[in-house]
Structure formats: C-alpha cells, structure tokens
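Novice: final-v9.cif is reproduced below (mmCIF, C-alpha atoms and all ligand atoms).
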```
data_input
#
loop_
_atom_site.label_atom_id
_atom_site.label_comp_id
_atom_site.auth_asym_id
_atom_site.auth_seq_id
_atom_site.Cartn_x
_atom_site.Cartn_y
_atom_site.Cartn_z
CA MET A 22 -17.63 29.51 -8.80
CA PRO A 23 -16.58 26.21 -10.44
CA LEU A 24 -13.13 24.78 -9.70
CA VAL A 25 -10.61 26.59 -11.87
CA PRO A 26 -7.87 25.24 -14.17
CA MET A 27 -4.47 25.92 -12.59
CA ARG A 28 -2.99 27.24 -15.83
CA GLN A 29 -5.20 30.33 -15.64
CA VAL A 30 -4.31 30.96 -11.99
CA LEU A 31 -0.58 30.70 -12.76
CA ASP A 32 -0.82 32.86 -15.90
CA GLU A 33 -2.55 35.55 -13.83
CA ALA A 34 0.10 35.22 -11.13
CA ALA A 35 2.83 35.70 -13.75
CA ARG A 36 1.01 38.77 -15.04
CA GLY A 37 0.77 40.18 -11.51
CA GLY A 38 4.28 39.10 -10.48
CA TYR A 39 3.20 37.05 -7.47
CA GLY A 40 3.28 33.42 -6.26
CA VAL A 41 0.38 31.18 -5.27
CA GLY A 42 0.59 28.82 -2.30
CA ALA A 43 -0.40 25.22 -3.00
CA PHE A 44 -1.51 23.76 0.31
CA ASN A 45 -1.95 20.05 0.94
CA VAL A 46 -5.12 18.67 2.49
CA ASN A 47 -6.41 15.38 3.88
CA ASN A 48 -9.61 16.37 5.64
CA LEU A 49 -12.42 18.86 6.19
CA GLU A 50 -10.64 21.05 8.74
CA GLN A 51 -7.62 21.64 6.50
CA ILE A 52 -9.86 22.66 3.58
CA GLN A 53 -11.79 25.01 5.87
CA ALA A 54 -8.58 26.54 7.23
CA ILE A 55 -7.31 27.29 3.72
CA MET A 56 -10.62 28.69 2.51
CA GLU A 57 -11.00 30.95 5.54
CA ALA A 58 -7.44 32.19 4.99
CA ALA A 59 -8.21 32.80 1.30
CA ARG A 60 -11.34 34.76 2.19
CA ALA A 61 -9.57 36.82 4.85
CA THR A 62 -6.76 37.73 2.45
CA LYS A 63 -8.81 37.73 -0.80
CA SER A 64 -6.49 35.17 -2.37
CA PRO A 65 -6.83 32.76 -5.27
CA VAL A 66 -5.69 29.38 -4.03
CA ILE A 67 -4.43 25.94 -5.02
CA ILE A 68 -5.54 23.06 -2.83
CA GLN A 69 -3.71 19.83 -3.46
CA ALA A 70 -4.11 16.20 -2.51
CA SER A 71 -1.40 13.56 -2.74
CA ARG A 72 -2.01 9.90 -3.48
CA GLY A 73 -1.77 9.33 0.26
CA ALA A 74 -4.48 11.92 0.89
CA ARG A 75 -6.75 10.41 -1.75
CA LYS A 76 -6.38 7.04 -0.09
CA TYR A 77 -6.78 8.39 3.45
CA ALA A 78 -9.90 10.47 2.80
CA ASN A 79 -11.27 8.71 -0.28
CA ASP A 80 -11.39 10.68 -3.50
CA ARG A 81 -15.10 11.25 -3.47
CA PHE A 82 -15.04 12.82 -0.02
CA LEU A 83 -12.24 15.16 -1.08
CA TYR A 84 -13.95 16.09 -4.32
CA HIS A 85 -17.25 16.90 -2.66
CA LEU A 86 -15.53 18.87 0.09
CA MET A 87 -13.83 20.90 -2.63
CA LEU A 88 -17.13 21.46 -4.43
CA ALA A 89 -18.58 22.67 -1.14
CA ALA A 90 -15.62 25.03 -0.78
CA SER A 91 -16.26 26.52 -4.22
CA GLU A 92 -19.98 26.99 -3.35
CA ILE A 93 -19.40 28.48 0.09
CA TYR A 94 -16.59 30.80 -1.09
CA PRO A 95 -17.83 31.85 -4.56
CA GLU A 96 -15.49 34.85 -4.66
CA ILE A 97 -12.34 32.69 -4.45
CA PRO A 98 -10.80 30.97 -7.51
CA VAL A 99 -9.93 27.48 -6.26
CA VAL A 100 -7.78 24.92 -8.08
CA MET A 101 -7.99 21.25 -7.12
CA HIS A 102 -4.60 19.75 -7.87
CA LEU A 103 -3.11 16.25 -7.67
CA ASP A 104 0.28 16.34 -5.93
CA HIS A 105 2.94 13.87 -7.21
CA GLY A 106 0.95 11.58 -9.48
CA ASN A 107 3.18 8.52 -10.04
CA SER A 108 1.61 7.09 -13.22
CA PHE A 109 -0.63 7.84 -16.18
CA GLU A 110 -3.44 5.91 -14.47
CA THR A 111 -3.20 7.94 -11.25
CA CYS A 112 -3.49 11.18 -13.23
CA LYS A 113 -6.32 9.82 -15.37
CA SER A 114 -8.33 8.77 -12.32
CA ALA A 115 -7.83 12.22 -10.74
CA ILE A 116 -9.02 13.94 -13.93
CA GLU A 117 -12.06 11.62 -14.08
CA MET A 118 -12.81 12.56 -10.47
CA GLY A 119 -12.81 16.29 -11.26
CA PHE A 120 -9.32 17.55 -10.37
CA THR A 121 -8.60 20.65 -12.49
CA SER A 122 -4.85 20.13 -12.41
CA VAL A 123 -2.49 17.18 -12.03
CA MET A 124 1.18 16.69 -11.34
CA ILE A 125 2.86 13.80 -13.10
CA ASP A 126 6.11 13.15 -11.29
CA GLY A 127 8.04 11.16 -13.87
CA SER A 128 11.32 12.06 -12.19
CA LEU A 129 10.74 8.84 -10.26
CA MET A 130 9.60 5.44 -11.47
CA GLU A 131 6.07 4.28 -10.65
CA ASP A 132 7.28 3.01 -7.25
CA GLY A 133 7.68 6.66 -6.28
CA LYS A 134 11.24 6.00 -5.06
CA THR A 135 13.62 5.13 -7.88
CA PRO A 136 14.97 8.00 -10.02
CA SER A 137 13.98 7.51 -13.67
CA THR A 138 15.66 8.48 -16.96
CA PHE A 139 15.02 11.69 -18.91
CA GLU A 140 13.39 9.70 -21.75
CA TYR A 141 11.02 7.86 -19.41
CA ASN A 142 10.04 11.12 -17.72
CA ALA A 143 9.52 13.05 -20.97
CA ASP A 144 7.47 10.24 -22.62
CA LEU A 145 5.21 9.73 -19.62
CA THR A 146 4.71 13.45 -19.06
CA ARG A 147 3.91 14.01 -22.75
CA ARG A 148 1.20 11.30 -22.59
CA VAL A 149 -0.37 12.90 -19.52
CA VAL A 150 -0.24 16.36 -21.14
CA GLU A 151 -2.08 15.06 -24.23
CA TYR A 152 -4.77 13.41 -22.14
CA ALA A 153 -5.16 16.31 -19.69
CA HIS A 154 -5.07 19.20 -22.15
CA ALA A 155 -7.80 17.61 -24.27
CA ARG A 156 -9.95 17.98 -21.15
CA GLY A 157 -8.75 21.48 -20.20
CA VAL A 158 -6.77 20.17 -17.22
CA THR A 159 -3.40 21.68 -16.27
CA VAL A 160 -0.23 19.58 -15.95
CA GLU A 161 2.79 20.08 -13.70
CA GLY A 162 5.89 18.03 -14.48
CA GLU A 163 9.14 17.57 -12.58
CA ILE A 164 12.72 17.51 -13.77
CA GLY A 165 15.52 16.77 -11.34
CA VAL A 166 14.68 14.88 -8.14
CA LEU A 167 13.52 16.47 -4.89
CA GLY A 168 14.86 15.35 -1.55
CA GLY A 169 12.99 13.70 1.31
CA ILE A 170 9.88 11.54 1.38
CA GLU A 171 6.27 12.66 1.61
CA ASP A 172 3.43 10.21 2.17
CA GLY A 173 5.74 7.40 1.06
CA HIS A 174 6.66 9.26 -2.14
CA GLY A 175 10.23 10.39 -2.68
CA ALA A 176 13.78 9.25 -3.31
CA GLY A 177 14.98 10.36 0.15
CA GLY A 178 18.31 12.14 0.32
CA SER A 179 19.07 15.84 0.73
CA GLY A 180 17.77 17.07 -2.61
CA LEU A 181 21.25 18.04 -3.80
CA GLU A 182 21.97 14.71 -5.52
CA HIS A 183 19.82 15.33 -8.61
CA LEU A 184 19.62 19.11 -9.08
CA THR A 185 17.73 20.29 -12.15
CA ASP A 186 19.97 20.91 -15.14
CA PRO A 187 18.79 24.10 -16.95
CA GLU A 188 19.48 22.70 -20.43
CA GLN A 189 17.56 19.50 -19.66
CA ALA A 190 14.73 21.58 -18.22
CA ALA A 191 14.45 23.47 -21.52
CA GLN A 192 14.39 20.21 -23.51
CA PHE A 193 11.81 18.76 -21.14
CA VAL A 194 9.43 21.70 -21.53
CA GLU A 195 9.86 21.63 -25.29
CA LYS A 196 9.17 17.89 -25.53
CA THR A 197 6.25 17.72 -23.10
CA GLY A 198 4.32 21.00 -23.28
CA VAL A 199 3.85 21.08 -19.48
CA ASP A 200 2.15 24.11 -17.96
CA ALA A 201 4.31 24.25 -14.84
CA LEU A 202 7.69 22.82 -13.95
CA ALA A 203 8.82 21.57 -10.55
CA ILE A 204 12.57 21.89 -10.14
CA ALA A 205 15.12 20.48 -7.71
CA ILE A 206 17.25 23.17 -6.06
CA GLY A 207 18.09 21.49 -2.75
CA THR A 208 14.68 21.56 -1.09
CA SER A 209 13.08 18.43 0.26
CA HIS A 210 9.72 17.36 1.65
CA GLY A 211 9.10 17.15 5.38
CA ALA A 212 10.30 18.91 8.55
CA TYR A 213 13.99 17.98 8.31
CA LYS A 214 15.25 19.94 5.33
CA PHE A 215 18.36 21.67 6.63
CA THR A 216 20.51 21.23 9.74
CA ARG A 217 21.23 24.98 9.91
CA LYS A 218 19.79 28.13 8.40
CA PRO A 219 20.24 27.37 4.69
CA ASP A 220 22.80 29.30 2.67
CA GLY A 221 23.58 29.19 -1.04
CA ALA A 222 25.55 25.94 -0.66
CA VAL A 223 22.47 23.90 0.27
CA LEU A 224 19.59 25.97 -1.08
CA ARG A 225 20.59 26.60 -4.68
CA MET A 226 18.69 29.76 -5.56
CA ASP A 227 21.43 30.45 -8.12
CA ARG A 228 20.25 27.37 -10.00
CA LEU A 229 16.65 28.55 -9.91
CA ILE A 230 17.68 31.94 -11.30
CA GLU A 231 19.64 30.24 -14.08
CA ILE A 232 16.63 28.08 -15.01
CA HIS A 233 14.38 31.14 -15.06
CA ARG A 234 16.86 32.98 -17.28
CA ARG A 235 16.82 30.02 -19.67
CA LEU A 236 13.01 29.62 -19.51
CA PRO A 237 11.56 33.05 -18.67
CA LYS A 238 7.99 32.15 -19.67
CA VAL A 239 7.72 28.85 -17.76
CA HIS A 240 5.84 28.77 -14.46
CA LEU A 241 8.27 27.29 -11.94
CA VAL A 242 7.15 25.30 -8.91
CA MET A 243 9.01 25.20 -5.61
CA HIS A 244 8.31 22.00 -3.71
CA GLY A 245 9.36 21.45 -0.12
CA SER A 246 8.72 25.12 0.65
CA SER A 247 7.66 24.96 4.27
CA SER A 248 9.59 27.37 6.44
CA VAL A 249 9.34 25.08 9.51
CA PRO A 250 9.13 28.11 11.84
CA LYS A 251 10.87 27.87 15.19
CA ASP A 252 7.77 29.09 17.06
CA LEU A 253 5.70 26.18 15.71
CA GLN A 254 8.46 23.71 16.60
CA ASP A 255 8.62 25.23 20.09
CA ILE A 256 4.88 24.82 20.72
CA ILE A 257 5.04 21.14 19.79
CA ASN A 258 8.07 20.53 22.00
CA ALA A 259 6.65 22.58 24.90
CA TYR A 260 3.69 20.22 25.04
CA GLY A 261 5.46 16.88 24.96
CA GLY A 262 6.59 16.69 21.32
CA LYS A 263 10.06 15.54 20.34
CA LEU A 264 11.09 17.44 17.21
CA LYS A 265 14.82 17.70 16.65
CA PRO A 266 16.17 21.19 15.80
CA THR A 267 15.64 21.85 12.10
CA TRP A 268 15.39 24.58 9.44
CA GLY A 269 13.07 25.04 6.50
CA VAL A 270 13.09 27.40 3.53
CA PRO A 271 13.12 31.03 4.73
CA VAL A 272 10.20 33.08 3.38
CA GLU A 273 12.67 35.65 1.93
CA GLU A 274 14.20 32.92 -0.27
CA ILE A 275 10.74 31.99 -1.55
CA GLN A 276 10.13 35.67 -2.31
CA LEU A 277 13.40 35.74 -4.25
CA GLY A 278 12.11 32.70 -6.17
CA ILE A 279 8.85 34.49 -6.93
CA LYS A 280 10.85 37.37 -8.41
CA ASN A 281 12.46 34.74 -10.63
CA GLY A 282 9.54 32.84 -12.14
CA VAL A 283 8.19 30.77 -9.22
CA ARG A 284 4.39 30.83 -9.46
CA LYS A 285 3.40 27.82 -7.33
CA VAL A 286 4.76 27.29 -3.83
CA ASN A 287 4.07 23.92 -2.16
CA VAL A 288 3.43 23.95 1.57
CA ASP A 289 2.34 21.00 3.68
CA THR A 290 4.65 20.59 6.68
CA ASP A 291 3.95 24.07 8.14
CA SER A 292 0.22 23.23 8.27
CA ARG A 293 0.96 19.90 9.92
CA LEU A 294 3.15 21.57 12.53
CA ALA A 295 0.51 24.22 13.30
CA ILE A 296 -2.22 21.59 13.71
CA THR A 297 -0.13 19.28 15.87
CA GLY A 298 1.04 22.08 18.18
CA ALA A 299 -2.53 23.30 18.75
CA ILE A 300 -3.83 19.81 19.50
CA ARG A 301 -0.93 19.00 21.85
CA LYS A 302 -1.60 22.22 23.74
CA VAL A 303 -5.26 21.34 24.38
CA PHE A 304 -4.40 17.78 25.39
CA ALA A 305 -1.71 18.99 27.80
CA GLU A 306 -3.66 21.88 29.30
CA SER A 307 -7.14 20.35 29.41
CA PRO A 308 -6.77 16.59 29.72
CA GLU A 309 -10.40 16.32 30.83
CA LYS A 310 -11.65 17.32 27.35
CA PHE A 311 -12.80 14.68 24.91
CA ASP A 312 -14.99 16.47 22.35
CA PRO A 313 -12.98 16.49 19.08
CA ARG A 314 -14.20 20.03 18.41
CA ASP A 315 -12.31 21.22 21.49
CA TYR A 316 -9.01 20.46 19.79
CA LEU A 317 -9.90 20.50 16.08
CA LYS A 318 -11.16 24.09 16.23
CA PRO A 319 -7.88 25.49 17.64
CA ALA A 320 -6.02 23.25 15.18
CA ARG A 321 -7.98 24.69 12.28
CA GLU A 322 -7.36 28.23 13.53
CA ALA A 323 -3.63 27.60 13.92
CA MET A 324 -3.41 26.30 10.35
CA GLN A 325 -5.43 29.26 9.05
CA LYS A 326 -2.97 31.64 10.70
CA VAL A 327 0.07 30.12 9.03
CA VAL A 328 -1.69 29.86 5.64
CA GLU A 329 -2.75 33.53 5.84
CA ALA A 330 0.82 34.55 6.59
CA ARG A 331 2.09 32.60 3.56
CA MET A 332 -0.61 33.99 1.25
CA THR A 333 0.38 37.49 2.26
CA ALA A 334 4.11 36.80 1.88
CA PHE A 335 3.72 35.14 -1.54
CA GLY A 336 1.79 38.17 -2.84
CA GLN A 337 -1.42 36.37 -3.86
CA ALA A 338 -3.43 38.32 -1.25
CA GLY A 339 -5.85 40.79 -2.83
CA HIS A 340 -5.92 39.04 -6.23
CA ALA A 341 -9.00 36.79 -5.88
CA GLY A 342 -11.24 39.16 -7.81
CA ASP A 343 -8.83 40.05 -10.61
CA TYR A 344 -10.29 37.74 -13.25
CA GLN A 345 -13.26 35.73 -14.44
CA PRO A 346 -12.45 32.03 -13.97
CA MET A 347 -12.30 29.92 -17.11
CA THR A 348 -14.09 26.61 -17.45
CA LEU A 349 -12.22 23.43 -18.36
CA ALA A 350 -14.04 23.49 -21.73
CA GLN A 351 -12.73 26.99 -22.51
CA MET A 352 -9.26 25.94 -21.45
CA ALA A 353 -9.41 22.83 -23.67
CA GLU A 354 -10.32 25.06 -26.59
CA GLN A 355 -7.29 27.26 -25.90
CA TYR A 356 -5.03 24.22 -25.79
CA SER A 357 -6.42 22.89 -29.04
CA GLY A 358 -5.44 26.16 -30.69
CA ALA A 359 -2.00 25.61 -29.13
CA LEU A 360 -1.81 29.28 -28.22
CA VAL A 361 -1.09 28.75 -24.56
CA ARG A 362 2.64 29.39 -24.54
P1 LIG B 401 6.82 20.73 2.65
O1 LIG B 401 7.08 19.38 3.29
O2 LIG B 401 8.01 21.60 2.73
O3 LIG B 401 5.61 21.39 3.20
O4 LIG B 401 6.58 20.47 1.10
C1 LIG B 401 5.33 20.08 0.61
C2 LIG B 401 5.38 19.73 -0.83
O5 LIG B 401 6.29 20.06 -1.56
C3 LIG B 401 4.23 18.97 -1.38
O6 LIG B 401 4.45 18.52 -2.68
#
```
Let me see the file written as structure tokens.
Specialist:
Amino acid sequence: MPLVPMRQVLDEAARGGYGVGAFNVNNLEQIQAIMEAARATKSPVIIQASRGARKYANDRFLYHLMLAASEIYPEIPVVMHLDHGNSFETCKSAIEMGFTSVMIDGSLMEDGKTPSTFEYNADLTRRVVEYAHARGVTVEGEIGVLGGIEDGHGAGGSGLEHLTDPEQAAQFVEKTGVDALAIAIGTSHGAYKFTRKPDGAVLRMDRLIEIHRRLPKVHLVMHGSSSVPKDLQDIINAYGGKLKPTWGVPVEEIQLGIKNGVRKVNVDTDSRLAITGAIRKVFAESPEKFDPRDYLKPAREAMQKVVEARMTAFGQAGHAGDYQPMTLAQMAEQYSGALVR
C-alpha cells in the first residue's frame, strides 16, 4: 500500500468518531515498534518525523524505512508526516522527499522559539497549503503556542501563556484552508508537563470543547499528549535513572478530546520513556552484554506495548481495513475541486 495522505485518514477517523495516534520516530526500531503495534491492533497510523529526526537519521533513510513499512505491512494505511515544520522551505523539502503530510508551525518564527503574529502565521500557512494541496499533501497548522521544547523547537513555558482563542482559530482556518489544526490548551512537549495530576485549571479541556463547538468540522490536533505513565518513570528510576516526579495528559482527557473533534494525537515522550527504561534494565541486570540487539529488542517491544495501548485507547484499533487508500494524485484532484471541507 502506498503512503497515504493524512487528510483521508483524519476524515475517516471523524466519520468513525475515533482518534489516530501520531507517533514520532528517529530510527528503524521505532518504526518497527509502531508497525507491529498497528498490525496487532489493525490500526491506521500516522508516523511523524521532526526536523531533528530528519537531521539525526537523514531524510532518505527515514523515507526508505517508511516505504519498507508500507511494503511489509500492506494492510495498514500509513501516513508519513512532518512534525513542526518551521518554514516554507522545510515543508517543501519534506514534500519533495515523499512525506504525505506536513505541519507548518507558523505560531513561532523560523527560529522555532519566538511567538509570531497572527498575520505572519496565516500568510505562511496559506502559502504552504497552496503548495501542498496542489500535490495532494495534507497540511496541519497551529494557532496558539504550545508549551515546552521538543528537539530544540518550542517557546518553552507551561503552555498556558498563549492559549488558542476560538475566534482566531475560526479566522485562521478560513484564511488558510488547513486540513488539521493544532491548538494550545495547556499541554506541552516533553516529560515535565504538570507538577500534579492535571485538573481543569492547567489542562484546559473547556477551551478545546469551545473550539470544537465553534469549528465542528475541523480536525483538531492535540500535541504534547504523552501520558508519562508512573510505571514507565519507575522502571527508569529503578535502574539508575533520575526522573523527577511528573504528570502527563491522562488518557481519559484525550478520550474526552476525541469526543470533541480531536482526530490526531501526538505522542513521543511515552515511546522515549519505554525505550529508555528497557535499555536501562538490560544494562543494569546484564552488564556483560554488548550486542545492541540484546537491548534494542526489549526496547522495541516496550515501545510497541505502549503504542498498542494508545491505539486501543484512541479508538483507531480495528479500522485499518475500513477504506481504500487514496493516492496523492486523487487527493490533489479533490483539492482542486475545492470540495474537501
Ligand atoms: P509528547 O512530548 O507529549 O510526547 O508530545 C509529542 C508531540 O506533541 C510531538 O509534536
């Protein structure tokens, strides 16, 4: 099965009333973990690479690994998505490489740190949408600014400083024609999201519900959606790690989001925690081992377990065979008829 445009996967998710996990990758083992989880749960899936990942692995490696995934798992619709593109050029290069979906994060300036203006964001996003849609590629935009920093990208802070304004979100969608909209509701990237179990004061689900009410047809994206489970933190700390106590986004809150228009759920940190815990355990328990497979195999299995649990919780499980994947050319034709929303 060829790589699939994300718009189709999100439209189908909206039709079925479920969310789709978007899992970050940097290497072979992470792609394998996600694909095995998708096969085990019969899930369509979004695999995403940040600028940092593209630099770490080299684009061509990532692209060919993804092609291999689509050949080896022909029954699974797979989207290859760019996470947090910082400029038109970054998105263009991803599209040229074969990504079927890109995020342009114009909420920040090109430095990936400084919050931008609404006009800058809308203009840049509109340009990317024009370029991408002509090629059948999906575009995710962002309005409001997320907290934290991921791979050097982010404004820092708690994520409450620049919450998404529902009226601005409506104007942004109207001006840009984006397929999916990332919103800021108090979540942030990384392990340290909340200092206690989040309540409505710090995780603003009320804001998400308001945005959905204002824009019922728009596919919303929840970034910073790792749950940072205590058991994964404990494994790391039991084997010499030094994580400080922390809380992520509870799965029930994500499920509430999915009931209110969230179709794409971004998860990276939970995979990182699972991998690190598994590797630390092997190093601590079997210090005589030195074959990378001895620790990368348990790491891959640990990530698969957490990804399977998320796929099941988000509701995408069982939906891999629901539809015939569209090609980018078919998608481009749909966009040119402007009948997509
Ligand atoms: P987490 O750090 O919560 O996994 O968020 C990942 C993310 O939003 C990627 O864009």
Novice: Any idea what's packed within 8 Å of segment 282-286 of chain A, counting only C-alpha atoms, ignoring anything in its chain fewer than 6 positions away? Could you give it as a list in words?
Specialist: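 Listing them by chain and then by number gives Leu31, Ala34, Ala35, Tyr39, Gly40, Val41, Gly42, Ala43, His233, Pro237, Lys238, Val239, His240, Leu241, Val242, Met243, His244, Ser246 and Ile275 of chain A.
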Novice: Pick the closest to Lys113 of chain A from A:Asp291, A:Glu92, A:Glu151, A:Glu131: which is it, counting all atoms listed in the file?
Specialist: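 Of all the options, A:Glu151 lies closest to Lys113 of chain A.
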Novice: Identify, on the basis of all atoms listed in the file, every residue whose closest approach to Asn48 of chain A does not exceed 7 Å; exclude the query and any residue fewer than 3 positions from it along the same chain; express the result as a PyMOL selection string.
Specialist: chain A and resi 51-52+78
Novice: Have a look at atom CA of Ile116 of chain A and atom C3 of ligand LIG 401 (chain B) and let me know their distance in Å, one decimal.
Specialist: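 Atom C3 of ligand LIG 401 (chain B) lies at a distance of 18.9 Å from atom CA of Ile116 of chain A.
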Novice: For Glu110 of chain A, which residue out of A:Val166, A:Arg81, A:Leu294, A:Leu145 is the nearest one, using all atoms listed in the file?
Specialist: A:Leu145
Novice: Ligand LIG 401 (chain B): which residues are within 10 Å, counting all atoms listed in the file, as a VMD selection string?
Specialist: chain A and resid 43 to 45 69 to 71 103 to 105 124 167 to 172 174 to 175 203 208 to 214 242 to 249 269 to 270 286 to 294
Novice: Which is closest to Glu322 of chain A among A:Ile279, A:Cys112, A:Ala295, A:Ala201, if we use all atoms listed in the file?
Specialist: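 Nearest candidate to Glu322 of chain A out of A:Ile279, A:Cys112, A:Ala295, A:Ala201: A:Ala295.
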Novice: For atom CA of Lys134 of chain A and atom CA of Lys76 of chain A, determine how far apart the two atoms are, in Å to one decimal place.
Specialist: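 Separating atom CA of Lys134 of chain A from atom CA of Lys76 of chain A is a distance of 18.3 Å.
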Novice: Restore all heavy atoms in segment 254-264 of chain A and list the result as a PDB file, keeping the file's coordinate frame.
Specialist:
```
ATOM      1  N   GLN A 254       7.694  24.828  16.008  1.00  0.00           N
ATOM      2  CA  GLN A 254       8.460  23.710  16.600  1.00  0.00           C
ATOM      3  C   GLN A 254       8.409  23.796  18.128  1.00  0.00           C
ATOM      4  O   GLN A 254       8.225  22.789  18.815  1.00  0.00           O
ATOM      5  CB  GLN A 254       9.925  23.774  16.178  1.00  0.00           C
ATOM      6  CG  GLN A 254      10.192  23.616  14.694  1.00  0.00           C
ATOM      7  CD  GLN A 254      11.692  23.701  14.397  1.00  0.00           C
ATOM      8  OE1 GLN A 254      12.521  23.118  15.096  1.00  0.00           O
ATOM      9  NE2 GLN A 254      12.051  24.426  13.357  1.00  0.00           N
ATOM     10  N   ASP A 255       8.574  25.032  18.637  1.00  0.00           N
ATOM     11  CA  ASP A 255       8.620  25.230  20.090  1.00  0.00           C
ATOM     12  C   ASP A 255       7.302  24.839  20.762  1.00  0.00           C
ATOM     13  O   ASP A 255       7.302  24.259  21.845  1.00  0.00           O
ATOM     14  CB  ASP A 255       8.950  26.688  20.423  1.00  0.00           C
ATOM     15  CG  ASP A 255      10.408  27.020  20.125  1.00  0.00           C
ATOM     16  OD1 ASP A 255      11.203  26.069  19.898  1.00  0.00           O
ATOM     17  OD2 ASP A 255      10.756  28.216  20.107  1.00  0.00           O
ATOM     18  N   ILE A 256       6.183  25.172  20.111  1.00  0.00           N
ATOM     19  CA  ILE A 256       4.880  24.820  20.720  1.00  0.00           C
ATOM     20  C   ILE A 256       4.768  23.299  20.839  1.00  0.00           C
ATOM     21  O   ILE A 256       4.402  22.761  21.881  1.00  0.00           O
ATOM     22  CB  ILE A 256       3.695  25.393  19.884  1.00  0.00           C
ATOM     23  CG1 ILE A 256       3.719  26.927  19.932  1.00  0.00           C
ATOM     24  CG2 ILE A 256       2.359  24.867  20.399  1.00  0.00           C
ATOM     25  CD1 ILE A 256       2.701  27.616  19.032  1.00  0.00           C
ATOM     26  N   ILE A 257       5.134  22.612  19.765  1.00  0.00           N
ATOM     27  CA  ILE A 257       5.040  21.140  19.790  1.00  0.00           C
ATOM     28  C   ILE A 257       5.920  20.587  20.918  1.00  0.00           C
ATOM     29  O   ILE A 257       5.484  19.767  21.733  1.00  0.00           O
ATOM     30  CB  ILE A 257       5.459  20.552  18.422  1.00  0.00           C
ATOM     31  CG1 ILE A 257       4.394  20.907  17.374  1.00  0.00           C
ATOM     32  CG2 ILE A 257       5.667  19.040  18.509  1.00  0.00           C
ATOM     33  CD1 ILE A 257       4.691  20.405  15.970  1.00  0.00           C
ATOM     34  N   ASN A 258       7.149  21.072  20.999  1.00  0.00           N
ATOM     35  CA  ASN A 258       8.070  20.530  22.000  1.00  0.00           C
ATOM     36  C   ASN A 258       7.699  20.950  23.425  1.00  0.00           C
ATOM     37  O   ASN A 258       7.944  20.205  24.375  1.00  0.00           O
ATOM     38  CB  ASN A 258       9.511  20.940  21.668  1.00  0.00           C
ATOM     39  CG  ASN A 258      10.044  20.156  20.470  1.00  0.00           C
ATOM     40  OD1 ASN A 258       9.512  19.092  20.131  1.00  0.00           O
ATOM     41  ND2 ASN A 258      11.066  20.674  19.818  1.00  0.00           N
ATOM     42  N   ALA A 259       7.058  22.126  23.555  1.00  0.00           N
ATOM     43  CA  ALA A 259       6.650  22.580  24.900  1.00  0.00           C
ATOM     44  C   ALA A 259       5.542  21.693  25.466  1.00  0.00           C
ATOM     45  O   ALA A 259       5.351  21.622  26.678  1.00  0.00           O
ATOM     46  CB  ALA A 259       6.164  24.027  24.827  1.00  0.00           C
ATOM     47  N   TYR A 260       4.812  21.038  24.579  1.00  0.00           N
ATOM     48  CA  TYR A 260       3.690  20.220  25.040  1.00  0.00           C
ATOM     49  C   TYR A 260       3.925  18.733  24.782  1.00  0.00           C
ATOM     50  O   TYR A 260       3.036  18.003  24.379  1.00  0.00           O
ATOM     51  CB  TYR A 260       2.380  20.713  24.427  1.00  0.00           C
ATOM     52  CG  TYR A 260       2.024  22.099  24.904  1.00  0.00           C
ATOM     53  CD1 TYR A 260       2.243  23.213  24.103  1.00  0.00           C
ATOM     54  CD2 TYR A 260       1.519  22.295  26.194  1.00  0.00           C
ATOM     55  CE1 TYR A 260       1.953  24.499  24.556  1.00  0.00           C
ATOM     56  CE2 TYR A 260       1.230  23.572  26.660  1.00  0.00           C
ATOM     57  CZ  TYR A 260       1.455  24.664  25.843  1.00  0.00           C
ATOM     58  OH  TYR A 260       1.171  25.928  26.307  1.00  0.00           O
ATOM     59  N   GLY A 261       5.168  18.316  24.971  1.00  0.00           N
ATOM     60  CA  GLY A 261       5.460  16.880  24.960  1.00  0.00           C
ATOM     61  C   GLY A 261       5.969  16.327  23.650  1.00  0.00           C
ATOM     62  O   GLY A 261       6.274  15.139  23.548  1.00  0.00           O
ATOM     63  N   GLY A 262       6.080  17.184  22.602  1.00  0.00           N
ATOM     64  CA  GLY A 262       6.590  16.690  21.320  1.00  0.00           C
ATOM     65  C   GLY A 262       8.086  16.474  21.362  1.00  0.00           C
ATOM     66  O   GLY A 262       8.761  16.916  22.302  1.00  0.00           O
ATOM     67  N   LYS A 263       8.615  15.807  20.367  1.00  0.00           N
ATOM     68  CA  LYS A 263      10.060  15.540  20.340  1.00  0.00           C
ATOM     69  C   LYS A 263      10.633  15.819  18.959  1.00  0.00           C
ATOM     70  O   LYS A 263      11.208  14.948  18.314  1.00  0.00           O
ATOM     71  CB  LYS A 263      10.328  14.076  20.725  1.00  0.00           C
ATOM     72  CG  LYS A 263      10.190  13.785  22.208  1.00  0.00           C
ATOM     73  CD  LYS A 263      10.945  12.520  22.585  1.00  0.00           C
ATOM     74  CE  LYS A 263      11.135  12.355  24.076  1.00  0.00           C
ATOM     75  NZ  LYS A 263       9.903  12.288  24.851  1.00  0.00           N
ATOM     76  N   LEU A 264      10.478  17.072  18.495  1.00  0.00           N
ATOM     77  CA  LEU A 264      11.090  17.440  17.210  1.00  0.00           C
ATOM     78  C   LEU A 264      12.547  17.780  17.461  1.00  0.00           C
ATOM     79  O   LEU A 264      12.876  18.480  18.424  1.00  0.00           O
ATOM     80  CB  LEU A 264      10.387  18.663  16.617  1.00  0.00           C
ATOM     81  CG  LEU A 264       8.941  18.502  16.149  1.00  0.00           C
ATOM     82  CD1 LEU A 264       8.411  19.832  15.648  1.00  0.00           C
ATOM     83  CD2 LEU A 264       8.853  17.453  15.055  1.00  0.00           C
TER      84      LEU A 264
END
```
